[in-house]
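Raw contents of coords_20.cif, mmCIF, C-alpha atoms:
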```cif
data_final
#
loop_
_atom_site.label_atom_id
_atom_site.label_comp_id
_atom_site.auth_asym_id
_atom_site.auth_seq_id
_atom_site.Cartn_x
_atom_site.Cartn_y
_atom_site.Cartn_z
CA GLU A 10 -3.10 -16.75 7.66
CA ASN A 11 -0.79 -19.39 9.14
CA LEU A 12 -1.15 -21.78 6.22
CA PRO A 13 1.90 -22.40 4.04
CA PRO A 14 1.99 -20.36 0.80
CA SER A 15 1.50 -23.49 -1.30
CA LYS A 16 -0.15 -23.89 -4.66
CA THR A 17 -3.10 -25.53 -2.92
CA TYR A 18 -3.61 -22.52 -0.65
CA LYS A 19 -3.30 -20.12 -3.58
CA LYS A 20 -5.97 -22.14 -5.34
CA HIS A 21 -8.22 -21.75 -2.32
CA LEU A 22 -7.72 -17.97 -2.42
CA LEU A 23 -8.76 -17.95 -6.06
CA LEU A 24 -11.86 -20.00 -5.30
CA GLU A 25 -12.73 -17.74 -2.39
CA ASN A 26 -12.49 -14.82 -4.78
CA LYS A 27 -14.91 -16.60 -7.16
CA LEU A 28 -17.38 -17.17 -4.33
CA LEU A 29 -17.39 -13.52 -3.32
CA THR A 30 -17.61 -12.44 -6.95
CA PHE A 31 -20.64 -14.71 -7.40
CA LEU A 32 -22.37 -13.14 -4.40
CA GLN A 33 -21.27 -9.50 -4.63
CA VAL A 34 -20.82 -8.82 -8.32
CA ASP A 35 -23.11 -11.23 -10.13
CA HIS A 36 -26.02 -10.95 -7.72
CA LYS A 37 -25.32 -7.71 -5.78
CA ILE A 38 -25.40 -9.48 -2.41
CA PRO A 39 -23.14 -7.41 -0.08
CA VAL A 40 -21.55 -10.28 1.84
CA VAL A 41 -17.92 -9.67 2.79
CA ALA A 42 -17.12 -12.33 5.37
CA GLY A 43 -18.34 -15.50 7.05
CA PRO A 44 -19.87 -17.19 8.86
CA TRP A 45 -21.67 -18.40 5.75
CA THR A 46 -25.17 -19.26 6.96
CA GLU A 47 -28.43 -19.49 5.06
CA GLU A 48 -29.98 -16.98 7.47
CA LYS A 49 -27.23 -14.46 6.80
CA LEU A 50 -27.49 -14.89 3.04
CA ARG A 51 -31.26 -14.40 3.12
CA ARG A 52 -30.85 -11.31 5.32
CA LYS A 53 -28.34 -9.86 2.86
CA GLY A 54 -30.74 -10.34 -0.03
CA ALA A 55 -30.23 -13.88 -1.35
CA GLN A 56 -33.96 -14.60 -1.64
CA ASP A 57 -33.90 -16.16 -5.10
CA ALA A 58 -34.03 -19.95 -4.76
CA GLU A 59 -31.50 -20.57 -7.55
CA VAL A 60 -28.98 -18.11 -6.10
CA LEU A 61 -29.45 -19.45 -2.59
CA GLY A 62 -29.14 -23.00 -3.86
CA LYS A 63 -25.83 -22.24 -5.59
CA ALA A 64 -24.48 -20.51 -2.48
CA LYS A 65 -25.52 -23.47 -0.32
CA GLN A 66 -23.84 -25.83 -2.78
CA ILE A 67 -20.64 -23.86 -2.47
CA LEU A 68 -20.85 -23.91 1.31
CA LYS A 69 -21.03 -27.68 1.42
CA VAL A 70 -17.42 -27.95 0.31
CA GLY A 71 -15.21 -27.45 3.36
CA TYR A 72 -11.50 -26.88 3.63
CA THR A 73 -9.04 -29.51 4.78
CA GLU A 74 -5.41 -28.42 4.93
CA GLY A 75 -3.38 -29.97 2.15
CA ALA A 76 -6.38 -31.53 0.41
CA GLU A 77 -7.08 -31.17 -3.25
CA VAL A 78 -10.07 -28.99 -3.98
CA GLY A 79 -12.88 -29.17 -6.47
CA ASP A 80 -14.59 -26.35 -8.27
CA VAL A 81 -15.41 -24.40 -5.12
CA ALA A 82 -14.08 -24.25 -1.58
CA ILE A 83 -13.78 -21.89 1.35
CA PRO A 84 -10.46 -21.60 3.21
CA GLY A 85 -10.50 -21.42 6.99
CA GLY A 86 -13.22 -23.98 7.75
CA ARG A 87 -13.25 -27.73 8.31
CA ALA A 88 -15.03 -30.36 6.30
CA GLY A 89 -18.76 -29.84 6.55
CA GLN A 90 -18.40 -26.44 8.27
CA ALA A 91 -18.69 -22.89 6.99
CA SER A 92 -15.65 -20.65 7.14
CA THR A 93 -15.50 -18.04 9.87
CA SER A 94 -12.59 -16.13 8.34
CA SER A 95 -12.97 -12.41 7.75
CA MET A 96 -12.21 -12.41 4.07
CA ALA A 97 -11.64 -8.73 3.43
CA SER A 98 -9.81 -8.05 6.67
CA PRO A 99 -6.00 -7.89 6.73
CA LYS A 100 -4.09 -10.39 8.84
CA LYS A 101 -3.57 -7.45 11.17
CA LYS A 102 -4.17 -3.76 10.79
CA LEU A 103 -1.79 -2.09 8.37
CA GLN A 104 0.21 0.27 10.56
CA GLY A 105 3.69 1.64 11.13
CA LEU A 106 6.01 2.43 8.25
CA VAL A 107 5.21 1.30 4.72
CA ALA A 108 7.97 1.80 2.14
CA ALA A 109 6.75 3.06 -1.22
CA THR A 110 9.02 0.81 -3.24
CA ILE A 111 11.20 1.91 -6.12
CA THR A 112 11.15 -0.12 -9.34
CA PRO A 113 14.81 -0.98 -10.09
CA MET A 114 15.79 -0.58 -13.75
CA THR A 115 18.77 -1.25 -15.95
CA GLU A 116 20.58 1.52 -17.76
CA HIS A 117 18.46 0.64 -20.81
CA GLY A 118 15.18 1.22 -18.98
CA GLU A 119 14.21 -2.41 -18.46
CA ILE A 120 13.09 -3.62 -15.03
CA ASN A 121 15.90 -5.17 -13.03
CA PHE A 122 14.06 -7.96 -11.22
CA SER A 123 17.29 -9.56 -10.03
CA VAL A 124 17.86 -7.08 -7.17
CA ILE A 125 14.40 -7.20 -5.56
CA GLY A 126 15.42 -10.01 -3.22
CA ARG A 127 18.33 -7.91 -1.91
CA TYR A 128 15.99 -4.94 -1.68
CA VAL A 129 13.59 -6.88 0.59
CA ASP A 130 16.44 -7.93 2.87
CA TYR A 131 17.75 -4.37 3.04
CA LEU A 132 14.37 -2.93 4.06
CA VAL A 133 13.85 -5.53 6.78
CA GLU A 134 17.38 -5.85 8.14
CA GLU A 135 18.80 -2.35 7.71
CA GLN A 136 15.76 -0.07 7.90
CA GLY A 137 13.37 -2.09 10.05
CA VAL A 138 10.55 -1.68 7.52
CA LYS A 139 8.34 -4.74 6.90
CA ASN A 140 5.42 -3.31 4.92
CA ILE A 141 5.55 -2.15 1.31
CA PHE A 142 3.41 -0.27 -1.20
CA VAL A 143 4.24 -1.51 -4.72
CA ASN A 144 3.75 0.20 -8.11
CA GLY A 145 2.79 3.57 -6.71
CA THR A 146 4.20 6.98 -7.60
CA THR A 147 7.69 6.16 -6.33
CA GLY A 148 7.55 2.83 -8.16
CA GLU A 149 6.66 4.55 -11.47
CA GLY A 150 3.63 2.27 -11.65
CA LEU A 151 1.81 4.37 -14.22
CA SER A 152 4.91 4.40 -16.44
CA LEU A 153 4.93 0.61 -16.60
CA SER A 154 2.92 -1.65 -18.88
CA ILE A 155 0.21 -3.84 -17.37
CA SER A 156 2.35 -6.94 -17.85
CA GLU A 157 5.32 -5.20 -16.19
CA ARG A 158 3.18 -4.16 -13.23
CA CYS A 159 2.00 -7.74 -12.80
CA ARG A 160 5.53 -9.11 -12.97
CA VAL A 161 6.83 -6.52 -10.47
CA ALA A 162 4.01 -7.37 -8.06
CA GLU A 163 4.73 -11.08 -8.41
CA GLU A 164 8.41 -10.58 -7.69
CA TRP A 165 7.77 -8.57 -4.52
CA VAL A 166 5.25 -11.12 -3.25
CA THR A 167 7.62 -14.01 -3.99
CA GLU A 168 10.71 -12.40 -2.47
CA GLY A 169 8.80 -10.95 0.47
CA ARG A 170 7.18 -14.20 1.56
CA ASN A 171 7.92 -14.95 5.24
CA LYS A 172 9.95 -11.73 5.46
CA LEU A 173 7.49 -8.88 4.97
CA ASP A 174 4.33 -8.36 7.02
CA GLN A 175 2.09 -6.79 4.40
CA ILE A 176 2.37 -6.13 0.67
CA VAL A 177 -0.13 -3.67 -0.77
CA ILE A 178 -0.26 -3.40 -4.56
CA HIS A 179 -1.32 -0.17 -6.20
CA VAL A 180 -3.67 -1.14 -9.04
CA GLY A 181 -4.93 2.27 -10.11
CA ALA A 182 -5.09 3.05 -13.83
CA LEU A 183 -6.88 5.39 -16.22
CA SER A 184 -8.79 2.41 -17.61
CA LEU A 185 -11.32 0.72 -15.32
CA LYS A 186 -10.74 -2.60 -17.10
CA GLU A 187 -6.99 -2.43 -16.58
CA SER A 188 -7.43 -1.54 -12.93
CA GLN A 189 -9.78 -4.50 -12.47
CA GLU A 190 -7.31 -6.79 -14.21
CA LEU A 191 -4.54 -5.64 -11.89
CA ALA A 192 -6.78 -6.09 -8.85
CA GLN A 193 -7.64 -9.65 -9.86
CA HIS A 194 -3.97 -10.38 -10.41
CA ALA A 195 -3.06 -9.02 -6.95
CA ALA A 196 -5.61 -11.38 -5.40
CA LYS A 197 -4.31 -14.29 -7.46
CA ILE A 198 -0.70 -13.90 -6.33
CA GLY A 199 -1.56 -13.52 -2.64
CA ALA A 200 -1.07 -9.79 -2.02
CA ASP A 201 -2.32 -8.44 1.32
CA GLY A 202 -4.28 -5.52 -0.10
CA ILE A 203 -4.83 -3.23 -3.07
CA ALA A 204 -4.85 0.54 -3.41
CA VAL A 205 -6.31 2.76 -6.12
CA ILE A 206 -5.57 6.31 -7.20
CA ALA A 207 -8.32 8.49 -8.68
CA PRO A 208 -8.34 8.43 -12.51
CA PHE A 209 -6.76 11.72 -13.53
CA PHE A 210 -7.23 12.27 -17.28
CA LEU A 211 -10.99 11.96 -17.58
CA LYS A 212 -11.59 12.89 -13.95
CA PRO A 213 -14.47 12.06 -11.60
CA TRP A 214 -16.17 15.35 -10.78
CA ASN A 215 -17.79 14.45 -7.48
CA LYS A 216 -17.72 11.94 -4.65
CA ASP A 217 -20.39 9.64 -6.07
CA VAL A 218 -18.66 9.29 -9.43
CA LEU A 219 -15.31 8.56 -7.79
CA ILE A 220 -16.84 5.97 -5.46
CA ASN A 221 -18.55 4.27 -8.39
CA PHE A 222 -15.14 3.85 -10.05
CA LEU A 223 -13.46 2.63 -6.86
CA LYS A 224 -16.32 0.24 -6.11
CA GLU A 225 -15.93 -1.51 -9.46
CA VAL A 226 -12.21 -2.01 -8.90
CA ALA A 227 -12.67 -3.27 -5.34
CA ALA A 228 -15.33 -5.73 -6.51
CA ALA A 229 -12.79 -7.35 -8.84
CA ALA A 230 -10.85 -8.55 -5.78
CA PRO A 231 -13.51 -8.91 -3.07
CA ALA A 232 -11.29 -10.96 -0.79
CA LEU A 233 -8.66 -8.20 -0.47
CA PRO A 234 -8.63 -5.14 1.79
CA PHE A 235 -9.07 -1.99 -0.30
CA TYR A 236 -7.29 1.34 0.27
CA TYR A 237 -7.87 4.68 -1.46
CA TYR A 238 -4.73 6.54 -2.56
CA HIS A 239 -5.43 10.25 -2.08
CA ILE A 240 -2.87 12.44 -3.87
CA PRO A 241 -4.69 15.50 -5.30
CA ALA A 242 -1.51 17.39 -6.22
CA LEU A 243 -0.78 14.78 -8.91
CA THR A 244 -4.28 13.69 -9.91
CA GLY A 245 -5.95 17.10 -9.89
CA VAL A 246 -8.96 15.39 -8.26
CA LYS A 247 -9.83 17.77 -5.42
CA ILE A 248 -12.56 15.71 -3.75
CA ARG A 249 -11.85 15.93 -0.03
CA ALA A 250 -10.92 12.65 1.62
CA GLU A 251 -13.22 13.40 4.56
CA GLU A 252 -16.16 13.66 2.17
CA LEU A 253 -15.17 10.46 0.37
CA LEU A 254 -14.98 8.44 3.59
CA ASP A 255 -18.48 9.38 4.70
CA GLY A 256 -20.45 6.13 4.37
CA ILE A 257 -17.84 4.54 2.09
CA GLN A 258 -18.13 1.03 3.56
CA ASP A 259 -21.79 0.97 2.58
CA LYS A 260 -20.65 1.18 -1.03
CA ILE A 261 -17.27 -0.55 -0.76
CA PRO A 262 -17.49 -3.21 1.99
CA THR A 263 -13.81 -4.11 1.64
CA PHE A 264 -12.61 -0.55 2.31
CA GLN A 265 -9.96 -0.57 5.06
CA GLY A 266 -8.30 2.85 4.92
CA LEU A 267 -6.47 5.41 2.86
CA LYS A 268 -3.03 6.65 1.91
CA PHE A 269 -3.31 10.40 2.45
CA SER A 270 -0.61 12.15 0.38
CA ASP A 271 -1.55 15.78 0.89
CA THR A 272 -0.53 18.59 3.24
CA ASP A 273 -4.14 19.48 4.19
CA LEU A 274 -4.08 18.49 7.85
CA LEU A 275 -7.62 19.79 8.33
CA ASP A 276 -8.91 17.26 5.83
CA PHE A 277 -6.74 14.50 7.31
CA GLY A 278 -7.74 15.33 10.87
CA GLN A 279 -11.42 15.16 9.98
CA CYS A 280 -10.90 11.81 8.26
CA VAL A 281 -9.70 10.52 11.63
CA ASP A 282 -12.17 12.41 13.79
CA GLN A 283 -15.27 11.45 11.81
CA ASN A 284 -14.32 7.76 11.54
CA ARG A 285 -13.08 6.83 14.99
CA GLN A 286 -15.41 3.85 15.25
CA GLN A 287 -14.42 2.36 11.90
CA GLN A 288 -10.92 1.06 12.72
CA PHE A 289 -9.62 2.35 9.38
CA ALA A 290 -5.91 2.53 8.59
CA PHE A 291 -5.00 6.22 8.29
CA LEU A 292 -1.69 6.17 6.43
CA PHE A 293 -0.03 9.55 6.04
CA GLY A 294 1.98 10.17 2.89
CA VAL A 295 3.95 13.39 3.47
CA ASP A 296 7.12 12.17 5.15
CA GLU A 297 8.36 15.53 6.39
CA GLN A 298 5.07 16.18 8.24
CA LEU A 299 4.54 12.73 9.75
CA LEU A 300 4.85 13.80 13.39
CA SER A 301 2.01 16.30 12.94
CA ALA A 302 -0.13 13.54 11.43
CA LEU A 303 0.70 11.18 14.32
CA VAL A 304 -0.62 13.76 16.77
CA MET A 305 -3.83 13.89 14.72
CA GLY A 306 -4.27 10.12 14.78
CA ALA A 307 -2.32 8.65 11.87
CA THR A 308 -1.93 4.90 12.34
CA GLY A 309 0.97 4.59 9.91
CA ALA A 310 2.75 6.16 6.97
CA VAL A 311 3.55 5.34 3.35
CA GLY A 312 6.52 7.14 1.86
CA SER A 313 9.58 7.03 -0.35
CA THR A 314 12.09 8.15 2.29
CA TYR A 315 11.34 5.09 4.42
CA ASN A 316 13.39 3.13 1.88
CA TYR A 317 16.57 4.75 3.22
CA LEU A 318 15.48 6.76 6.31
CA GLY A 319 13.24 4.06 7.75
CA LYS A 320 15.49 3.46 10.74
CA LYS A 321 15.56 7.14 11.66
CA THR A 322 11.79 7.46 11.19
CA ASN A 323 11.17 4.37 13.30
CA GLN A 324 13.13 6.06 16.07
CA MET A 325 10.67 8.95 15.84
CA LEU A 326 7.72 6.55 16.01
CA GLU A 327 9.19 4.82 19.05
CA ALA A 328 9.75 8.15 20.83
CA PHE A 329 6.18 9.18 20.06
CA GLU A 330 4.83 5.87 21.40
CA ARG A 331 6.63 6.32 24.72
CA LYS A 332 5.40 9.95 24.84
CA ASP A 333 8.91 11.37 24.54
CA PHE A 334 7.68 14.18 22.34
CA SER A 335 10.87 16.22 22.59
CA SER A 336 12.91 13.36 21.12
CA ALA A 337 10.25 12.69 18.49
CA LEU A 338 10.39 16.33 17.44
CA ASN A 339 14.18 16.24 17.22
CA HIS A 340 13.98 13.20 14.94
CA GLN A 341 11.39 14.91 12.73
CA PHE A 342 13.47 18.08 12.49
CA CYS A 343 16.50 15.99 11.56
CA ILE A 344 14.58 14.29 8.75
CA GLN A 345 13.22 17.66 7.64
CA ARG A 346 16.74 19.08 7.33
CA PHE A 347 17.58 16.50 4.71
CA ILE A 348 14.27 16.70 2.85
CA ASN A 349 14.35 20.51 2.88
CA PHE A 350 17.86 20.41 1.42
CA VAL A 351 17.07 18.05 -1.46
CA VAL A 352 13.74 19.74 -2.25
CA LYS A 353 15.64 22.96 -2.92
CA LEU A 354 17.89 21.05 -5.33
CA GLY A 355 14.91 19.48 -7.12
CA PHE A 356 13.56 16.27 -5.63
CA GLY A 357 11.40 13.56 -7.16
CA VAL A 358 11.39 9.93 -8.26
CA SER A 359 14.67 10.28 -10.18
CA GLN A 360 16.47 11.71 -7.18
CA THR A 361 14.92 9.11 -4.86
CA LYS A 362 16.44 6.39 -7.04
CA ALA A 363 19.86 8.03 -6.86
CA ILE A 364 19.71 8.38 -3.07
CA MET A 365 18.55 4.79 -2.56
CA THR A 366 21.40 3.53 -4.74
CA LEU A 367 23.84 5.61 -2.72
CA VAL A 368 22.58 4.58 0.72
CA SER A 369 21.75 0.91 0.12
CA GLY A 370 24.38 -0.01 -2.45
CA ILE A 371 21.65 -1.66 -4.51
CA PRO A 372 21.51 -0.27 -8.07
CA MET A 373 18.11 1.33 -8.71
CA GLY A 374 19.06 2.56 -12.17
CA PRO A 375 17.55 5.52 -14.00
CA PRO A 376 13.85 6.37 -14.17
CA ARG A 377 11.77 5.74 -17.25
CA LEU A 378 11.04 8.59 -19.64
CA PRO A 379 9.75 11.26 -19.46
CA LEU A 380 11.69 11.49 -16.17
CA GLN A 381 15.40 12.24 -16.42
CA LYS A 382 18.24 10.67 -14.49
CA ALA A 383 19.42 12.62 -11.43
CA SER A 384 22.54 14.65 -12.07
CA ARG A 385 25.91 13.78 -10.61
CA GLU A 386 25.90 17.17 -8.89
CA PHE A 387 22.66 16.30 -7.10
CA THR A 388 24.01 12.94 -5.95
CA ASP A 389 27.23 14.47 -4.64
CA ASN A 390 25.37 17.18 -2.74
CA ALA A 391 22.87 14.68 -1.30
CA GLU A 392 25.71 12.41 -0.19
CA ALA A 393 27.45 15.27 1.61
CA LYS A 394 24.23 16.23 3.38
CA LEU A 395 23.51 12.64 4.43
CA LYS A 396 27.00 12.40 5.88
CA SER A 397 26.72 15.71 7.70
CA LEU A 398 23.51 14.49 9.34
CA ASP A 399 25.19 11.18 10.22
CA PHE A 400 22.81 9.24 8.00
CA LEU A 401 25.85 7.75 6.22
CA SER A 402 29.09 6.52 7.73
CA PHE A 403 32.15 8.52 6.78
CA THR A 404 35.76 9.11 7.78
CA ASP A 405 36.86 12.17 5.88
CA LEU A 406 34.34 14.82 6.97
CA LYS A 407 35.64 17.39 9.42
CA ASP A 408 33.92 17.59 12.82
CA GLY A 409 33.28 21.28 12.23
CA ASN A 410 30.90 20.42 9.40
CA LEU A 411 28.96 17.83 11.39
CA GLU A 412 25.29 18.63 12.09
CA ALA A 413 24.42 15.09 13.15
CA CYS A 414 21.08 14.50 14.81
CA SER A 415 20.97 13.09 18.28
#
```
Output the file's structure as structure tokens, nothing else.
Amino acid sequence: ENLPPSKTYKKHLLLENKLLTFLQVDHKIPVVAGPWTEEKLRRKGAQDAEVLGKAKQILKVGYTEGAEVGDVAIPGGRAGQASTSSMASPKKKLQGLVAATITPMTEHGEINFSVIGRYVDYLVEEQGVKNIFVNGTTGEGLSLSISERCRVAEEWVTEGRNKLDQIVIHVGALSLKESQELAQHAAKIGADGIAVIAPFFLKPWNKDVLINFLKEVAAAAPALPFYYYHIPALTGVKIRAEELLDGIQDKIPTFQGLKFSDTDLLDFGQCVDQNRQQQFAFLFGVDEQLLSALVMGATGAVGSTYNYLGKKTNQMLEAFERKDFSSALNHQFCIQRFINFVVKLGFGVSQTKAIMTLVSGIPMGPPRLPLQKASREFTDNAEAKLKSLDFLSFTDLKDGNLEACS
């Protein structure tokens, strides 16, 4: 993970992906990580002499930093040695705040790639958020073409290099082939993980069917950590996350956790309780209920408000960590006051774009159809509420109207 993001290293990642594809997909050998030994391969099922011979041939090619590579190589080892890197494990556990990024657009509905660099700097420097979730609901991922999704992912990876800790790309789609293509692309560009939503037009009707779909997507990028994006209110797929997680790593070895975007704290709590030994990332996705999820064992959170309320939410996380629960509760109530206010006005992706533009000064533009641009009335009301809560600096608001959070 400390190697420079050079073309040579990217090539090694691609070759690593080919190796795992050869073992996992072509020959159904469930190997996820090194050390790559003949004994381990035989134990995992590589009994066929031709398959074992090919794997051993691959293993003979070591990795030397900066060296040119041939047809196959394994990053992390030295010449003549097998790699000991854990190929589907993140550099470190995905935790803390993860901003569900907005896709900036021009007034004509084209993606405005030029502001993503500023956007990265704003998240890191102003909000203290160093993890992102790209092309999800907030990012209008399913309203973008496949080529647009690839280009957006590339831009975030490029601009976030050496600034962001982890970049997870949502690669879910209604088409399995498209989802696999996006997963392969995420691996190619050096993303830190992929996430997949349940297909929601022709829906999976039970756990096994859903896992079969997810497994095929994960196998397309076997070197990347895999996260399930659970959001039943939008997908209509009501399979409980607790049920899905039961034995999931037996079917999807690269599974590392889930983004839980639902208000069912019973289901979420049982996800945590039943999987304490697994070291999964339990990422909560309902921003206004995060403190409740932290009490139940959430290890992090993915949400749209962390784009512009990340600093305030980080204060809540810090208070929770030092067991100052009264302060943590005050921070959560403060955040809830704003969210409760905008929800009553009508709050979604369009309004999130308007608020982010207002708070950051970076133009997010309108959403793509069928969504409609937020009204001027909404923006004015949201601005007044942000100022009254002291989320925005101001000079002309009377002290009598101040409800700032301490």
I need the output of the PyMOL selection byres ((chain A and resi 172-176) around 7) for this file as a PyMOL selection string; which residues are they?
chain A and resi 139-142+166+169-171+177-178+200-202
The PyMOL selection byres ((chain A and resi 123) around 12) - which residues does that actually catch in the file I just gave you? List them as a list of chain:residue names.
A:Thr112, A:Pro113, A:Met114, A:Thr115, A:Glu119, A:Ile120, A:Asn121, A:Phe122, A:Val124, A:Ile125, A:Gly126, A:Arg127, A:Tyr128, A:Val129, A:Val161, A:Glu164, A:Trp165, A:Glu168, A:Ile371, A:Pro372, A:Met373
In Å, how far is it from CA of Glu149 (chain A) to CA of Ala108 (chain A)?
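Separating CA of Glu149 (chain A) from CA of Ala108 (chain A) is a distance of 13.9 Å.
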Closest-contact table, region 262-317 of chain A side, partner region 342-352 of chain A, 12 Å, counting all atoms listed in the file, as a Markdown table:
```
| residue | atom | partner | partner_atom | distance |
| --- | --- | --- | --- | --- |
| A:Val295 | CA | A:Ile348 | CA | 10.9 |
| A:Asp296 | CA | A:Ile344 | CA | 8.6 |
| A:Glu297 | CA | A:Gln345 | CA | 5.5 |
| A:Gln298 | CA | A:Gln345 | CA | 8.3 |
| A:Leu299 | CA | A:Gln345 | CA | 10.2 |
| A:Leu300 | CA | A:Phe342 | CA | 9.7 |
| A:Ser301 | CA | A:Phe342 | CA | 11.6 |
| A:Ser313 | CA | A:Ile348 | CA | 11.2 |
| A:Thr314 | CA | A:Ile348 | CA | 8.8 |
| A:Tyr315 | CA | A:Ile344 | CA | 10.7 |
| A:Tyr317 | CA | A:Ile344 | CA | 11.2 |
```
Take the selection from the previous step and output its residues with C-alpha atoms, as an mmCIF file, keeping the file's coordinate frame.
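Output file result_30.cif is given in full below:
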```
data_model
loop_
_atom_site.group_PDB
_atom_site.id
_atom_site.type_symbol
_atom_site.label_atom_id
_atom_site.label_comp_id
_atom_site.auth_asym_id
_atom_site.auth_seq_id
_atom_site.Cartn_x
_atom_site.Cartn_y
_atom_site.Cartn_z
ATOM 1 C CA VAL A 295 3.950 13.390 3.470
ATOM 2 C CA ASP A 296 7.120 12.170 5.150
ATOM 3 C CA GLU A 297 8.360 15.530 6.390
ATOM 4 C CA GLN A 298 5.070 16.180 8.240
ATOM 5 C CA LEU A 299 4.540 12.730 9.750
ATOM 6 C CA LEU A 300 4.850 13.800 13.390
ATOM 7 C CA SER A 301 2.010 16.300 12.940
ATOM 8 C CA SER A 313 9.580 7.030 -0.350
ATOM 9 C CA THR A 314 12.090 8.150 2.290
ATOM 10 C CA TYR A 315 11.340 5.090 4.420
ATOM 11 C CA TYR A 317 16.570 4.750 3.220
#
```
Quick check on the file I pasted: which residues fall under the PyMOL selection byres ((chain A and resi 158) around 10)? Write them as a PyMOL selection string.
chain A and resi 112+143-144+148-157+159-164+178-180+191+194
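Ranking A:Gln189, A:Ser369, A:Ser384, A:Ser335 by their shortest atom-to-atom distance to Phe356 (chain A), with all atoms listed in the file included, puts A:Ser384 first.
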Here is a test: counting all atoms listed in the file, which residue of A:Gly105, A:Asp217, A:Lys197, A:Val226 is nearest to Leu185 (chain A)?
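Selected residue with least distance to Leu185 (chain A): A:Val226.
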One number please: CA of Phe329 (chain A) to CA of Tyr237 (chain A), in Å, one decimal.
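Result for CA of Phe329 (chain A) versus CA of Tyr237 (chain A): 26.1 Å, one decimal.
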Given the point (0.2, 2.8, 7.9) in the file's coordinates, find the residues that have an atom at most 8 Å from it, counting only C-alpha atoms, and give them as a ChimeraX atom specification.
/A:103-107,268,290-293,307-311
CA of Ala229 (chain A) and CA of Ala242 (chain A) are how many Å apart?
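Answer for the CA of Ala229 (chain A) to CA of Ala242 (chain A) separation: 27.3 Å.
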Counting all atoms listed in the file, select every polymer residue within 6 Å of (15.8, 3.2, -15.5) as defined in the file's coordinates, and provide the selection as a PyMOL selection string.
chain A and resi 114-116+118+374-377
Using all atoms listed in the file, pick whichever of A:Val246, A:Met325, A:Met365, A:Ile198 has the shortest atom-to-atom distance to Trp214 (chain A).
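Among the listed residues, A:Val246 lies closest to Trp214 (chain A).
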